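The file data-v7.cif contains mmCIF, C-alpha atoms:
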```cif
data_protein
#
loop_
_atom_site.label_atom_id
_atom_site.label_comp_id
_atom_site.auth_asym_id
_atom_site.auth_seq_id
_atom_site.Cartn_x
_atom_site.Cartn_y
_atom_site.Cartn_z
CA MET A 1 -71.74 44.73 43.21
CA VAL A 2 -72.51 42.22 40.47
CA SER A 3 -76.00 40.88 39.85
CA ARG A 4 -76.64 37.17 40.08
CA MET A 5 -77.24 36.92 36.34
CA THR A 6 -74.04 38.81 35.49
CA LEU A 7 -72.05 36.52 37.78
CA TYR A 8 -73.64 33.48 36.16
CA ARG A 9 -72.87 34.73 32.65
CA LYS A 10 -69.24 35.60 33.46
CA ILE A 11 -68.48 32.29 35.18
CA HIS A 12 -70.24 30.35 32.43
CA ALA A 13 -68.32 32.23 29.72
CA ILE A 14 -64.97 31.50 31.39
CA THR A 15 -65.52 27.93 32.58
CA GLY A 16 -68.49 26.56 30.66
CA GLN A 17 -70.07 25.65 34.00
CA SER A 18 -72.68 27.16 36.24
CA PRO A 19 -71.36 28.78 39.44
CA SER A 20 -72.51 25.82 41.55
CA GLU A 21 -70.86 23.33 39.17
CA PHE A 22 -67.67 25.41 39.23
CA ILE A 23 -67.59 25.46 43.04
CA THR A 24 -68.24 21.70 43.19
CA THR A 25 -65.38 21.11 40.73
CA ILE A 26 -62.98 23.11 42.89
CA ARG A 27 -64.10 21.27 46.03
CA LEU A 28 -63.64 17.87 44.34
CA LYS A 29 -60.18 18.80 43.04
CA HIS A 30 -59.21 19.82 46.57
CA ALA A 31 -60.59 16.51 47.87
CA ALA A 32 -58.46 14.63 45.31
CA HIS A 33 -55.41 16.56 46.50
CA LEU A 34 -56.21 15.67 50.12
CA LEU A 35 -56.61 12.00 49.20
CA GLU A 36 -53.21 12.04 47.49
CA THR A 37 -51.31 13.92 50.18
CA SER A 38 -52.91 13.10 53.52
CA THR A 39 -53.93 10.12 55.59
CA LEU A 40 -57.39 11.49 56.40
CA ASN A 41 -60.16 8.97 55.98
CA ILE A 42 -62.68 9.56 53.22
CA ALA A 43 -65.42 10.78 55.56
CA LEU A 44 -63.08 13.47 56.92
CA VAL A 45 -61.99 14.49 53.43
CA SER A 46 -65.66 14.79 52.55
CA GLU A 47 -66.27 16.95 55.61
CA HIS A 48 -63.18 19.12 55.05
CA THR A 49 -64.23 19.89 51.51
CA GLY A 50 -67.76 20.93 52.47
CA PHE A 51 -69.85 17.89 51.61
CA SER A 52 -72.42 17.07 54.26
CA SER A 53 -72.87 13.46 53.17
CA PRO A 54 -69.99 11.06 52.48
CA SER A 55 -72.20 9.07 50.10
CA PHE A 56 -73.07 12.18 48.06
CA PHE A 57 -69.38 13.09 48.05
CA ALA A 58 -68.47 9.62 46.75
CA LYS A 59 -71.07 9.84 43.96
CA GLN A 60 -69.89 13.29 42.86
CA PHE A 61 -66.24 12.22 43.07
CA ALA A 62 -66.91 9.14 40.93
CA LYS A 63 -68.81 11.26 38.43
CA MET A 64 -65.84 13.62 38.04
CA PHE A 65 -62.86 11.26 38.32
CA GLY A 66 -64.34 7.96 37.12
CA CYS A 67 -63.61 6.06 40.32
CA LEU A 68 -64.60 6.07 43.96
CA PRO A 69 -62.44 7.99 46.44
CA LYS A 70 -61.09 4.78 48.01
CA ASP A 71 -59.97 3.55 44.59
CA TYR A 72 -58.47 6.94 43.74
CA ARG A 73 -56.39 6.88 46.89
CA GLY A 74 -55.23 3.34 46.13
CA HIS A 75 -54.04 4.32 42.66
CA SER A 76 -52.49 7.64 43.65
CA LEU A 77 -50.16 6.21 46.33
#
```

For the file at hand, write its structure as structure tokens.
Amino acid sequence: MVSRMTLYRKIHAITGQSPSEFITTIRLKHAAHLLETSTLNIALVSEHTGFSSPSFFAKQFAKMFGCLPKDYRGHSL
């Protein structure tokens, strides 16, 4: 078993992010993949990737990718 602090230090050393930031990054990358490869609407992509609020998802997505999910889908197709 690894302590919380040890986990934090290891993830931060490898990624430069906190564990929660790292998990959010993975979830957003998966959402981008779903937007590129599926016809799911944005609310469903948000739900499938673990975001409880589509608006929060859109804000986090825009923060990471520089555009809203609807614009990302338009450019990726």

(request) Tell me which protein, DNA and RNA residues are within 12 Å of His33 of chain A, counting all atoms listed in the file, leaving out same-chain ones fewer than 6 positions away, and put them as a list in words. (result) Ile26, Arg27, Thr39, Leu40, Val45, His48, Thr49, Pro69, Tyr72, Arg73, Ser76 and Leu77 of chain A

(message) Once the PyMOL selection byres ((chain A and resi 24) around 12) is applied to the coordinates I shared, what remains selected? I want it as number ranges by chain.
(response) A: 17-23, 25-31, 46, 49-51, 56-57, 60-61, 63-64

(message) What does the structure give for the distance between atom CA of Ala62 of chain A and atom CA of Ile11 of chain A, in Å to one decimal?
(response) 23.9 Å

(message) Please report the interatomic distance between atom CA of Phe65 of chain A and atom CA of Leu7 of chain A in Å with one decimal.
(response)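 Going from atom CA of Phe65 of chain A over to atom CA of Leu7 of chain A, I get 26.9 Å.
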
(request) For atom CA of Lys70 of chain A and atom CA of Glu36 of chain A, quote the distance in Å rounded to one decimal. (result) 10.7 Å

(message) Please determine, counting all atoms listed in the file, which residue among A:Ala32, A:Ile14, A:Ile42, A:Met1 has the shortest atom-to-atom distance to Pro54 of chain A.
(response)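 Closest candidate: A:Ile42.
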